[in-house]
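Student: Please find entry.pdb (PDB, C-alpha atoms) on the next line:
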ATOM      1  CA  PRO A   1       0.000   0.000   0.000
ATOM      2  CA  ASN A   2       2.996   2.348   0.185
ATOM      3  CA  LEU A   3       3.959   1.752  -3.442
ATOM      4  CA  PHE A   4       1.792   4.576  -4.789
ATOM      5  CA  LYS A   5       1.409   7.342  -2.233
ATOM      6  CA  PHE A   6      -1.521   9.724  -1.893
ATOM      7  CA  THR A   7       1.010  12.392  -0.912
ATOM      8  CA  SER A   8       3.419  12.067  -3.833
ATOM      9  CA  ALA A   9       4.449  15.244  -5.645
ATOM     10  CA  ASP A  10       4.295  13.189  -8.852
ATOM     11  CA  LYS A  11       0.804  13.486 -10.352
ATOM     12  CA  ARG A  12       1.143  10.128 -12.143
ATOM     13  CA  GLU A  13       1.914   8.370  -8.873
ATOM     14  CA  ARG A  14      -1.160   9.927  -7.252
ATOM     15  CA  GLU A  15      -3.251   8.839 -10.228
ATOM     16  CA  ASN A  16      -1.978   5.288  -9.733
ATOM     17  CA  ALA A  17      -2.766   5.546  -6.023
ATOM     18  CA  TRP A  18      -6.345   6.483  -6.906
ATOM     19  CA  ARG A  19      -6.591   3.802  -9.590
ATOM     20  CA  TYR A  20      -5.478   0.920  -7.394
ATOM     21  CA  THR A  21      -7.368   2.117  -4.327
ATOM     22  CA  SER A  22     -10.619   2.369  -6.290
ATOM     23  CA  LYS A  23     -10.026  -1.123  -7.709
ATOM     24  CA  THR A  24      -9.485  -2.402  -4.169
ATOM     25  CA  ILE A  25     -12.794  -0.865  -3.089
ATOM     26  CA  GLU A  26     -14.567  -2.461  -6.055
ATOM     27  CA  THR A  27     -13.001  -5.801  -5.127
ATOM     28  CA  ALA A  28     -14.126  -5.349  -1.518
ATOM     29  CA  GLU A  29     -17.674  -4.749  -2.728
ATOM     30  CA  ARG A  30     -17.620  -7.927  -4.846
ATOM     31  CA  LEU A  31     -16.273  -9.942  -1.899
ATOM     32  CA  LYS A  32     -18.870  -8.398   0.427
ATOM     33  CA  ALA A  33     -16.115  -6.980   2.613
ATOM     34  CA  LYS A  34     -17.105  -4.027   4.745
ATOM     35  CA  LEU A  35     -13.821  -2.188   5.232
ATOM     36  CA  VAL A  36     -10.624  -1.324   3.393
ATOM     37  CA  VAL A  37      -7.573  -0.241   5.393
ATOM     38  CA  LEU A  38      -5.699   2.779   4.003
ATOM     39  CA  HIS A  39      -2.169   4.133   4.420
ATOM     40  CA  MET A  40      -2.412   7.874   3.941
ATOM     41  CA  GLY A  41       1.096   8.673   2.717
ATOM     42  CA  CYS A  42       3.976  10.595   4.225
ATOM     43  CA  VAL A  43       6.073  13.710   4.391
ATOM     44  CA  ASP A  44       9.183  13.504   2.211
ATOM     45  CA  MET A  45      12.073  13.494   4.688
ATOM     46  CA  LYS A  46      14.916  11.238   5.722
ATOM     47  CA  ASP A  47      14.219   8.156   7.826
ATOM     48  CA  TYR A  48      14.499   9.113  11.481
ATOM     49  CA  THR A  49      12.438   6.205  12.790
ATOM     50  CA  ASP A  50      15.034   3.454  12.351
ATOM     51  CA  LYS A  51      17.742   5.573  13.951
ATOM     52  CA  LEU A  52      15.534   6.347  16.949
ATOM     53  CA  VAL A  53      14.581   2.674  17.315
ATOM     54  CA  ASP A  54      18.282   1.735  17.283
ATOM     55  CA  MET A  55      19.044   4.320  19.966
ATOM     56  CA  VAL A  56      16.216   3.074  22.179
ATOM     57  CA  GLY A  57      17.527  -0.459  21.760
ATOM     58  CA  GLU A  58      20.922   0.754  22.931
ATOM     59  CA  GLY A  59      19.397   2.335  26.047
ATOM     60  CA  GLN A  60      19.789   5.952  24.856
ATOM     61  CA  ARG A  61      16.162   7.104  25.039
ATOM     62  CA  GLU A  62      16.759   9.334  28.058
ATOM     63  CA  THR A  63      19.872  10.954  26.621
ATOM     64  CA  ALA A  64      20.278  14.492  25.344
ATOM     65  CA  LYS A  65      21.353  13.089  21.967
ATOM     66  CA  TYR A  66      18.071  11.204  21.610
ATOM     67  CA  GLU A  67      16.001  14.230  22.616
ATOM     68  CA  LYS A  68      17.858  16.384  20.107
ATOM     69  CA  LEU A  69      17.232  13.913  17.283
ATOM     70  CA  CYS A  70      13.531  13.717  18.189
ATOM     71  CA  GLU A  71      13.250  17.499  18.173
ATOM     72  CA  GLU A  72      14.986  17.646  14.782
ATOM     73  CA  ALA A  73      12.597  15.048  13.323
ATOM     74  CA  MET A  74       9.491  16.774  14.678
ATOM     75  CA  SER A  75      10.651  20.165  13.472
ATOM     76  CA  LYS A  76      11.331  18.921   9.942
ATOM     77  CA  ARG A  77       8.051  17.099   9.557
ATOM     78  CA  GLU A  78       6.075  20.080  10.849
ATOM     79  CA  ALA A  79       7.846  22.366   8.398
ATOM     80  CA  ARG A  80       7.100  20.051   5.461
ATOM     81  CA  LYS A  81       3.648  18.698   6.269
ATOM     82  CA  GLU A  82       1.291  21.266   4.721
ATOM     83  CA  GLY A  83       1.503  20.096   1.095
ATOM     84  CA  PRO A  84       1.428  16.321   1.754
ATOM     85  CA  ILE A  85      -1.462  16.647   4.211
ATOM     86  CA  ARG A  86      -3.481  18.662   1.703
ATOM     87  CA  LEU A  87      -2.869  16.029  -0.991
ATOM     88  CA  ALA A  88      -3.757  13.199   1.391
ATOM     89  CA  HIS A  89      -6.972  14.895   2.489
ATOM     90  CA  ASP A  90      -8.007  15.692  -1.089
ATOM     91  CA  MET A  91      -7.437  12.068  -2.096
ATOM     92  CA  LEU A  92      -9.359  10.751   0.898
ATOM     93  CA  ARG A  93     -12.332  12.982   0.051
ATOM     94  CA  HIS A  94     -12.558  11.390  -3.398
ATOM     95  CA  ILE A  95     -12.051   7.881  -2.034
ATOM     96  CA  ALA A  96     -14.700   8.353   0.664
ATOM     97  CA  GLU A  97     -17.211   9.586  -1.922
ATOM     98  CA  PHE A  98     -16.398   6.596  -4.130
ATOM     99  CA  ALA A  99     -16.639   4.082  -1.269
ATOM    100  CA  ALA A 100     -19.796   5.388   0.454
ATOM    101  CA  PRO A 101     -22.442   4.224  -2.077
ATOM    102  CA  ARG A 102     -20.738   0.801  -2.117
ATOM    103  CA  GLY A 103     -21.134   0.446   1.635
ATOM    104  CA  ILE A 104     -17.387   0.340   2.261
ATOM    105  CA  LEU A 105     -15.797   1.775   5.392
ATOM    106  CA  LEU A 106     -12.273   3.206   5.194
ATOM    107  CA  GLY A 107      -9.921   2.370   8.059
ATOM    108  CA  ILE A 108      -7.217   5.018   8.487
ATOM    109  CA  GLU A 109      -4.296   3.149  10.005
ATOM    110  CA  ASN A 110      -1.867   4.493  12.570
ATOM    111  CA  ARG A 111       1.600   3.985  11.151
ATOM    112  CA  GLU A 112       4.944   3.290  12.807
ATOM    113  CA  ALA A 113       7.183   5.756  10.928
ATOM    114  CA  LEU A 114       7.402   9.363  12.136
ATOM    115  CA  GLU A 115       6.936  10.797   8.658
ATOM    116  CA  GLU A 116       3.702   8.948   7.871
ATOM    117  CA  ILE A 117       0.314  10.687   7.956
ATOM    118  CA  PRO A 118      -1.639  11.265  10.151
ATOM    119  CA  PHE A 119       1.039  12.120  12.701
ATOM    120  CA  GLU A 120       0.417  10.750  16.175
ATOM    121  CA  THR A 121      -0.310  14.318  17.339
ATOM    122  CA  ASP A 122      -2.862  14.998  14.582
ATOM    123  CA  PHE A 123      -5.405  12.169  14.758
ATOM    124  CA  GLY A 124      -8.034  14.126  16.676
ATOM    125  CA  LEU A 125      -7.947  17.037  14.235
ATOM    126  CA  PHE A 126      -7.879  14.659  11.285
ATOM    127  CA  PHE A 127     -11.126  12.927  12.255
ATOM    128  CA  ARG A 128     -12.849  16.167  13.178
ATOM    129  CA  GLU A 129     -12.128  17.405   9.667
ATOM    130  CA  PHE A 130     -13.796  14.281   8.256
ATOM    131  CA  ALA A 131     -16.777  14.380  10.616
ATOM    132  CA  ASP A 132     -19.044  14.744   7.573
ATOM    133  CA  ALA A 133     -17.714  11.471   6.099
ATOM    134  CA  PRO A 134     -19.099   8.712   8.365
ATOM    135  CA  ASN A 135     -17.368   5.963   6.397
ATOM    136  CA  VAL A 136     -13.925   7.363   7.357
ATOM    137  CA  ARG A 137     -12.939   5.468  10.511
ATOM    138  CA  TYR A 138      -9.861   4.671  12.583
ATOM    139  CA  TRP A 139      -7.952   1.383  12.210
ATOM    140  CA  HIS A 140      -5.690   0.652  15.180
ATOM    141  CA  ASP A 141      -2.452  -1.243  14.608
ATOM    142  CA  THR A 142      -1.297  -2.451  18.017
ATOM    143  CA  GLY A 143       2.303  -3.018  16.934
ATOM    144  CA  HIS A 144       2.705   0.398  15.362
ATOM    145  CA  ALA A 145       1.258   2.113  18.428
ATOM    146  CA  GLN A 146       3.546   0.140  20.712
ATOM    147  CA  ILE A 147       6.600   1.165  18.683
ATOM    148  CA  LYS A 148       5.528   4.809  19.039
ATOM    149  CA  GLU A 149       5.212   4.287  22.790
ATOM    150  CA  ASN A 150       8.625   2.634  22.935
ATOM    151  CA  LEU A 151      10.022   5.733  21.211
ATOM    152  CA  GLY A 152       8.367   7.955  23.830
ATOM    153  CA  LEU A 153       6.012   9.612  21.338
ATOM    154  CA  ILE A 154       2.632   8.436  22.668
ATOM    155  CA  ARG A 155       0.992   6.578  25.523
ATOM    156  CA  HIS A 156      -0.522   3.590  23.735
ATOM    157  CA  ALA A 157      -3.574   3.187  25.989
ATOM    158  CA  MET A 158      -4.367   6.919  26.021
ATOM    159  CA  HIS A 159      -4.093   7.147  22.242
ATOM    160  CA  LEU A 160      -6.387   4.164  21.727
ATOM    161  CA  GLU A 161      -8.979   5.477  24.172
ATOM    162  CA  SER A 162      -8.943   8.865  22.448
ATOM    163  CA  MET A 163      -9.818   7.136  19.154
ATOM    164  CA  SER A 164     -12.659   4.985  20.521
ATOM    165  CA  GLU A 165     -15.328   7.209  18.940
ATOM    166  CA  TYR A 166     -13.930   6.486  15.475
ATOM    167  CA  GLN A 167     -12.722   2.910  16.000
ATOM    168  CA  ALA A 168     -13.499   0.352  13.275
ATOM    169  CA  GLY A 169     -11.070  -2.479  14.042
ATOM    170  CA  PHE A 170      -7.606  -3.678  14.899
ATOM    171  CA  HIS A 171      -4.496  -5.203  13.440
ATOM    172  CA  ILE A 172      -3.242  -7.219  16.398
ATOM    173  CA  HIS A 173       0.390  -8.253  16.611
ATOM    174  CA  ASP A 174       3.201  -8.132  19.110
ATOM    175  CA  VAL A 175       6.450  -6.141  19.195
ATOM    176  CA  GLN A 176       9.893  -7.355  20.137
ATOM    177  CA  PHE A 177      11.329  -4.363  21.967
ATOM    178  CA  PRO A 178      11.944  -1.791  20.752
ATOM    179  CA  GLY A 179      10.796  -1.901  17.129
ATOM    180  CA  ARG A 180      10.406  -5.341  15.557
ATOM    181  CA  ASP A 181       6.704  -5.797  14.927
ATOM    182  CA  HIS A 182       4.512  -8.557  13.434
ATOM    183  CA  CYS A 183       5.654 -10.914  16.180
ATOM    184  CA  PRO A 184       3.345 -13.630  17.596
ATOM    185  CA  ASP A 185       2.957 -14.305  21.281
ATOM    186  CA  SER A 186       1.601 -17.202  23.302
ATOM    187  CA  ASP A 187      -0.591 -15.225  25.728
ATOM    188  CA  ARG A 188      -4.203 -16.341  26.110
ATOM    189  CA  TYR A 189      -7.214 -14.156  25.532
ATOM    190  CA  VAL A 190     -10.604 -14.596  27.135
ATOM    191  CA  LEU A 191     -14.095 -13.620  26.112
ATOM    192  CA  GLY A 192     -16.282 -12.191  28.855
ATOM    193  CA  HIS A 193     -15.825 -10.456  32.201
ATOM    194  CA  PRO A 194     -14.325 -11.598  35.506
ATOM    195  CA  ALA A 195     -17.647 -10.958  37.254
ATOM    196  CA  SER A 196     -19.560 -13.278  34.953
ATOM    197  CA  GLY A 197     -17.128 -16.025  34.045
ATOM    198  CA  ARG A 198     -14.784 -16.391  31.136
ATOM    199  CA  THR A 199     -14.008 -18.517  28.134
ATOM    200  CA  SER A 200     -10.425 -19.126  27.032
ATOM    201  CA  LEU A 201      -9.436 -17.876  23.613
ATOM    202  CA  HIS A 202      -6.250 -19.233  22.078
ATOM    203  CA  ARG A 203      -4.153 -17.582  19.393
ATOM    204  CA  GLY A 204      -5.530 -18.143  15.917
ATOM    205  CA  ALA A 205      -9.065 -18.972  17.064
ATOM    206  CA  VAL A 206     -12.090 -17.087  15.803
ATOM    207  CA  TRP A 207     -14.876 -16.309  18.245
ATOM    208  CA  ARG A 208     -18.279 -14.667  18.333
ATOM    209  CA  GLY A 209     -19.186 -12.361  21.214
ATOM    210  CA  ALA A 210     -22.016 -10.581  22.947
ATOM    211  CA  ARG A 211     -23.944  -7.776  21.276
ATOM    212  CA  SER A 212     -25.400  -6.110  24.404
ATOM    213  CA  LEU A 213     -22.211  -4.426  25.524
ATOM    214  CA  ASP A 214     -21.553  -0.862  26.618
ATOM    215  CA  PRO A 215     -18.624   0.925  28.295
ATOM    216  CA  GLY A 216     -20.081   0.508  31.767
ATOM    217  CA  ARG A 217     -21.473  -3.040  31.664
ATOM    218  CA  LEU A 218     -19.533  -5.771  29.905
ATOM    219  CA  ALA A 219     -21.699  -8.859  30.098
ATOM    220  CA  LEU A 220     -20.531 -12.331  29.160
ATOM    221  CA  GLY A 221     -21.979 -13.351  25.815
ATOM    222  CA  THR A 222     -22.349 -16.688  24.126
ATOM    223  CA  ALA A 223     -18.989 -17.782  22.779
ATOM    224  CA  ALA A 224     -18.927 -19.961  19.692
ATOM    225  CA  GLU A 225     -15.819 -21.027  17.836
ATOM    226  CA  ARG A 226     -16.070 -20.360  14.121
ATOM    227  CA  GLY A 227     -13.940 -21.313  11.158
ATOM    228  CA  LEU A 228     -11.275 -19.027   9.764
ATOM    229  CA  GLY A 229     -13.944 -17.571   7.490
ATOM    230  CA  GLY A 230     -15.562 -15.950  10.517
ATOM    231  CA  PRO A 231     -15.594 -12.208  11.085
ATOM    232  CA  THR A 232     -12.673 -11.947  13.512
ATOM    233  CA  ILE A 233      -9.291 -13.663  13.600
ATOM    234  CA  ILE A 234      -7.377 -13.017  16.811
ATOM    235  CA  THR A 235      -3.602 -13.141  17.050
ATOM    236  CA  ALA A 236      -2.389 -12.903  20.637
ATOM    237  CA  ALA A 237      -0.069 -10.064  21.621
ATOM    238  CA  ARG A 238       1.192  -8.602  24.868
ATOM    239  CA  HIS A 239       0.835  -4.955  23.939
ATOM    240  CA  ILE A 240      -2.949  -4.513  23.911
ATOM    241  CA  PRO A 241      -4.054  -1.848  26.403
ATOM    242  CA  ALA A 242      -7.527  -1.247  27.766
ATOM    243  CA  ALA A 243      -9.847   0.449  25.299
ATOM    244  CA  LEU A 244     -13.301   1.966  25.548
ATOM    245  CA  TYR A 245     -16.038  -0.068  23.913
ATOM    246  CA  SER A 246     -16.701   1.162  20.394
ATOM    247  CA  PRO A 247     -20.365   1.403  19.309
ATOM    248  CA  CYS A 248     -19.410   0.484  15.741
ATOM    249  CA  SER A 249     -17.776  -2.768  16.832
ATOM    250  CA  GLY A 250     -20.135  -4.833  18.934
ATOM    251  CA  TRP A 251     -17.435  -7.421  19.652
ATOM    252  CA  VAL A 252     -15.171  -7.355  22.667
ATOM    253  CA  ILE A 253     -12.159  -9.512  23.446
ATOM    254  CA  PHE A 254     -10.564  -9.445  26.892
ATOM    255  CA  SER A 255      -6.874 -10.124  27.356
ATOM    256  CA  HIS A 256      -5.614 -12.140  30.316
ATOM    257  CA  ASP A 257      -5.921  -9.004  32.468
ATOM    258  CA  PHE A 258      -9.468  -8.394  31.185
ATOM    259  CA  SER A 259      -8.667  -5.261  29.202
ATOM    260  CA  ALA A 260     -11.618  -4.568  26.919
ATOM    261  CA  LEU A 261     -10.743  -4.641  23.253
ATOM    262  CA  PRO A 262     -13.346  -3.926  20.533
ATOM    263  CA  VAL A 263     -12.856  -5.856  17.311
ATOM    264  CA  SER A 264     -14.823  -6.504  14.116
ATOM    265  CA  PRO A 265     -18.634  -6.613  14.342
ATOM    266  CA  PRO A 266     -20.673  -9.736  13.534
ATOM    267  CA  GLY A 267     -21.285 -10.172   9.837
ATOM    268  CA  ALA A 268     -18.525  -7.724   8.962
ATOM    269  CA  GLY A 269     -17.053 -10.026   6.348
ATOM    270  CA  PRO A 270     -13.369  -9.941   5.457
ATOM    271  CA  ILE A 271     -11.140  -6.938   5.979
ATOM    272  CA  LEU A 272      -8.889  -5.837   3.113
ATOM    273  CA  SER A 273      -5.597  -4.177   3.956
TER
END
Written as structure tokens, that's how I'd like the structure from this file.
Tutor:
Amino acid sequence: PNLFKFTSADKRERENAWRYTSKTIETAERLKAKLVVLHMGCVDMKDYTDKLVDMVGEGQRETAKYEKLCEEAMSKREARKEGPIRLAHDMLRHIAEFAAPRGILLGIENREALEEIPFETDFGLFFREFADAPNVRYWHDTGHAQIKENLGLIRHAMHLESMSEYQAGFHIHDVQFPGRDHCPDSDRYVLGHPASGRTSLHRGAVWRGARSLDPGRLALGTAAERGLGGPTIITAARHIPAALYSPCSGWVIFSHDFSALPVSPPGAGPILS
């Protein structure tokens, strides 16, 4: 999805980004998928992320050198963001209009690299600007958020809770500190609530949950194992913080410490990323 960027200064690349994104949406409609995950592009600047990850791995996060490099990265991306953000927003407007009559939601993914849009500081503003496009939603990547926390740029749980109003789903994977993502883990997950019992959920299983859930009362629902064609495939990971229940989800998974995690709603069909 980063091959043709929405934010490219090259008009032909942006045209290709539109072409292949629209084809993906048409494919999603044919497959009866309900959501397509989007990468929004980036600011054109040198790669600071890998260097910062290396420094954190070497125990330098609290050093003056690390703080200086962070400040340099933030300053450069702020100075260069206006044009790429405008291009990304213009493209998303067209995509949202194309996807809406087809019943396709768009999941805007949080990314791991500092230069990728939306920046971790801009998500609230971003979704307020698209308040008139109800099919533009937030797609939370647990690994990417954890890398940003490891770099000292966000608090994972706080960021996720702040996005609960817009939440559409998750990409769940673990992170080997500080920055190697897409790692599996052997932790168990459970469906339900400690006050009402629990059902074990193992990595790779697909489960169906309760519909009558709200942020204050998380009742145990009927759990039924489904095949891999079911609406939600869970991959266990350590770095999944507590999250507010999302009205657009309807499904909740609890980790071993019973942190509420909304995932894909029943009947959602496959997710294309």
Student: With distances taken over only C-alpha atoms, which residue among A:Asp174, A:Asp44, A:Asp181, A:Asp122 lies nearest His159 in chain A?
Tutor: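 Among A:Asp174, A:Asp44, A:Asp181, A:Asp122, it is A:Asp122 that comes nearest to His159 in chain A.
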Student: Can you translate the PyMOL selection byres ((chain A and resi 139-151) around 8) into the concrete residues it hits in this file, as a PyMOL selection string?
Tutor: chain A and resi 37+52-53+56+61+107-112+137-138+152-156+160+167-175+177-179+181-182+239-240
Student: Generate a file of the selected residues that holds C-alpha atoms, formatted as a JSON list (two decimals), in the coordinates of the input.
Tutor:
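Saved as again30.json:
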[["chain", "number", "residue", "atom", "x", "y", "z"],
["A", 37, "VAL", "CA", -7.57, -0.24, 5.39],
["A", 52, "LEU", "CA", 15.53, 6.35, 16.95],
["A", 53, "VAL", "CA", 14.58, 2.67, 17.32],
["A", 56, "VAL", "CA", 16.22, 3.07, 22.18],
["A", 61, "ARG", "CA", 16.16, 7.10, 25.04],
["A", 107, "GLY", "CA", -9.92, 2.37, 8.06],
["A", 108, "ILE", "CA", -7.22, 5.02, 8.49],
["A", 109, "GLU", "CA", -4.30, 3.15, 10.01],
["A", 110, "ASN", "CA", -1.87, 4.49, 12.57],
["A", 111, "ARG", "CA", 1.60, 3.98, 11.15],
["A", 112, "GLU", "CA", 4.94, 3.29, 12.81],
["A", 137, "ARG", "CA", -12.94, 5.47, 10.51],
["A", 138, "TYR", "CA", -9.86, 4.67, 12.58],
["A", 152, "GLY", "CA", 8.37, 7.96, 23.83],
["A", 153, "LEU", "CA", 6.01, 9.61, 21.34],
["A", 154, "ILE", "CA", 2.63, 8.44, 22.67],
["A", 155, "ARG", "CA", 0.99, 6.58, 25.52],
["A", 156, "HIS", "CA", -0.52, 3.59, 23.74],
["A", 160, "LEU", "CA", -6.39, 4.16, 21.73],
["A", 167, "GLN", "CA", -12.72, 2.91, 16.00],
["A", 168, "ALA", "CA", -13.50, 0.35, 13.28],
["A", 169, "GLY", "CA", -11.07, -2.48, 14.04],
["A", 170, "PHE", "CA", -7.61, -3.68, 14.90],
["A", 171, "HIS", "CA", -4.50, -5.20, 13.44],
["A", 172, "ILE", "CA", -3.24, -7.22, 16.40],
["A", 173, "HIS", "CA", 0.39, -8.25, 16.61],
["A", 174, "ASP", "CA", 3.20, -8.13, 19.11],
["A", 175, "VAL", "CA", 6.45, -6.14, 19.20],
["A", 177, "PHE", "CA", 11.33, -4.36, 21.97],
["A", 178, "PRO", "CA", 11.94, -1.79, 20.75],
["A", 179, "GLY", "CA", 10.80, -1.90, 17.13],
["A", 181, "ASP", "CA", 6.70, -5.80, 14.93],
["A", 182, "HIS", "CA", 4.51, -8.56, 13.43],
["A", 239, "HIS", "CA", 0.84, -4.96, 23.94],
["A", 240, "ILE", "CA", -2.95, -4.51, 23.91]]
Student: Hey, can you check how far CA of Arg77 in chain A sits from CA of Arg180 in chain A?
Tutor: 23.3 Å
Student: Which residue, A:Leu92, A:Ala99, A:Leu125, A:Ala131, has the smallest gap to Gly41 in chain A when you use all atoms listed in the file?
Tutor: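 Counting all atoms listed in the file, the residue closest to Gly41 in chain A is A:Leu92.
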Student: For the structure provided, state which residues fall under the PyMOL selection byres ((chain A and resi 16-26) around 10), and present them as a ChimeraX atom specification.
Tutor: /A:1-8,11-15,27-38,91-92,94-95,98-99,102-106,272-273
Student: Which residues match the PyMOL selection byres ((chain A and resi 42) around 6) in the file above, as a ChimeraX atom specification?
Tutor: /A:41,43,115-117
Student: Please indicate the distance in Å from CA of Tyr166 in chain A to CA of Glu97 in chain A, rounded to one decimal place.
Tutor: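 So the answer is 18.0 Å.
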Student: Tell me which of A:Ala96, A:Leu87, A:Ala133, A:Leu114 sits closest to Thr49 in chain A, counting all atoms listed in the file.
Tutor: A:Leu114
Student: Out of A:Glu165, A:Phe119, A:Tyr48, A:Val136, which residue has the shortest atom-to-atom distance to Ile85 in chain A when counting all atoms listed in the file?
Tutor: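 For Ile85 in chain A, the nearest of the given residues is A:Phe119.
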Student: Quote the spacing between CA of Phe126 in chain A and CA of Ala113 in chain A in Å to one decimal place.
Tutor: 17.5 Å
Student: Please define a box with edges along x, y and z of the file around all atoms of range 143-158 of chain A given in the file, extend it by 4 Å on each side, and return its centre and edge lengths in Å to one decimal, as AutoDock Vina command-line options.
Tutor:
--center_x 2.8 --center_y 3.3 --center_z 20.7 --size_x 22.4 --size_y 20.6 --size_z 18.7
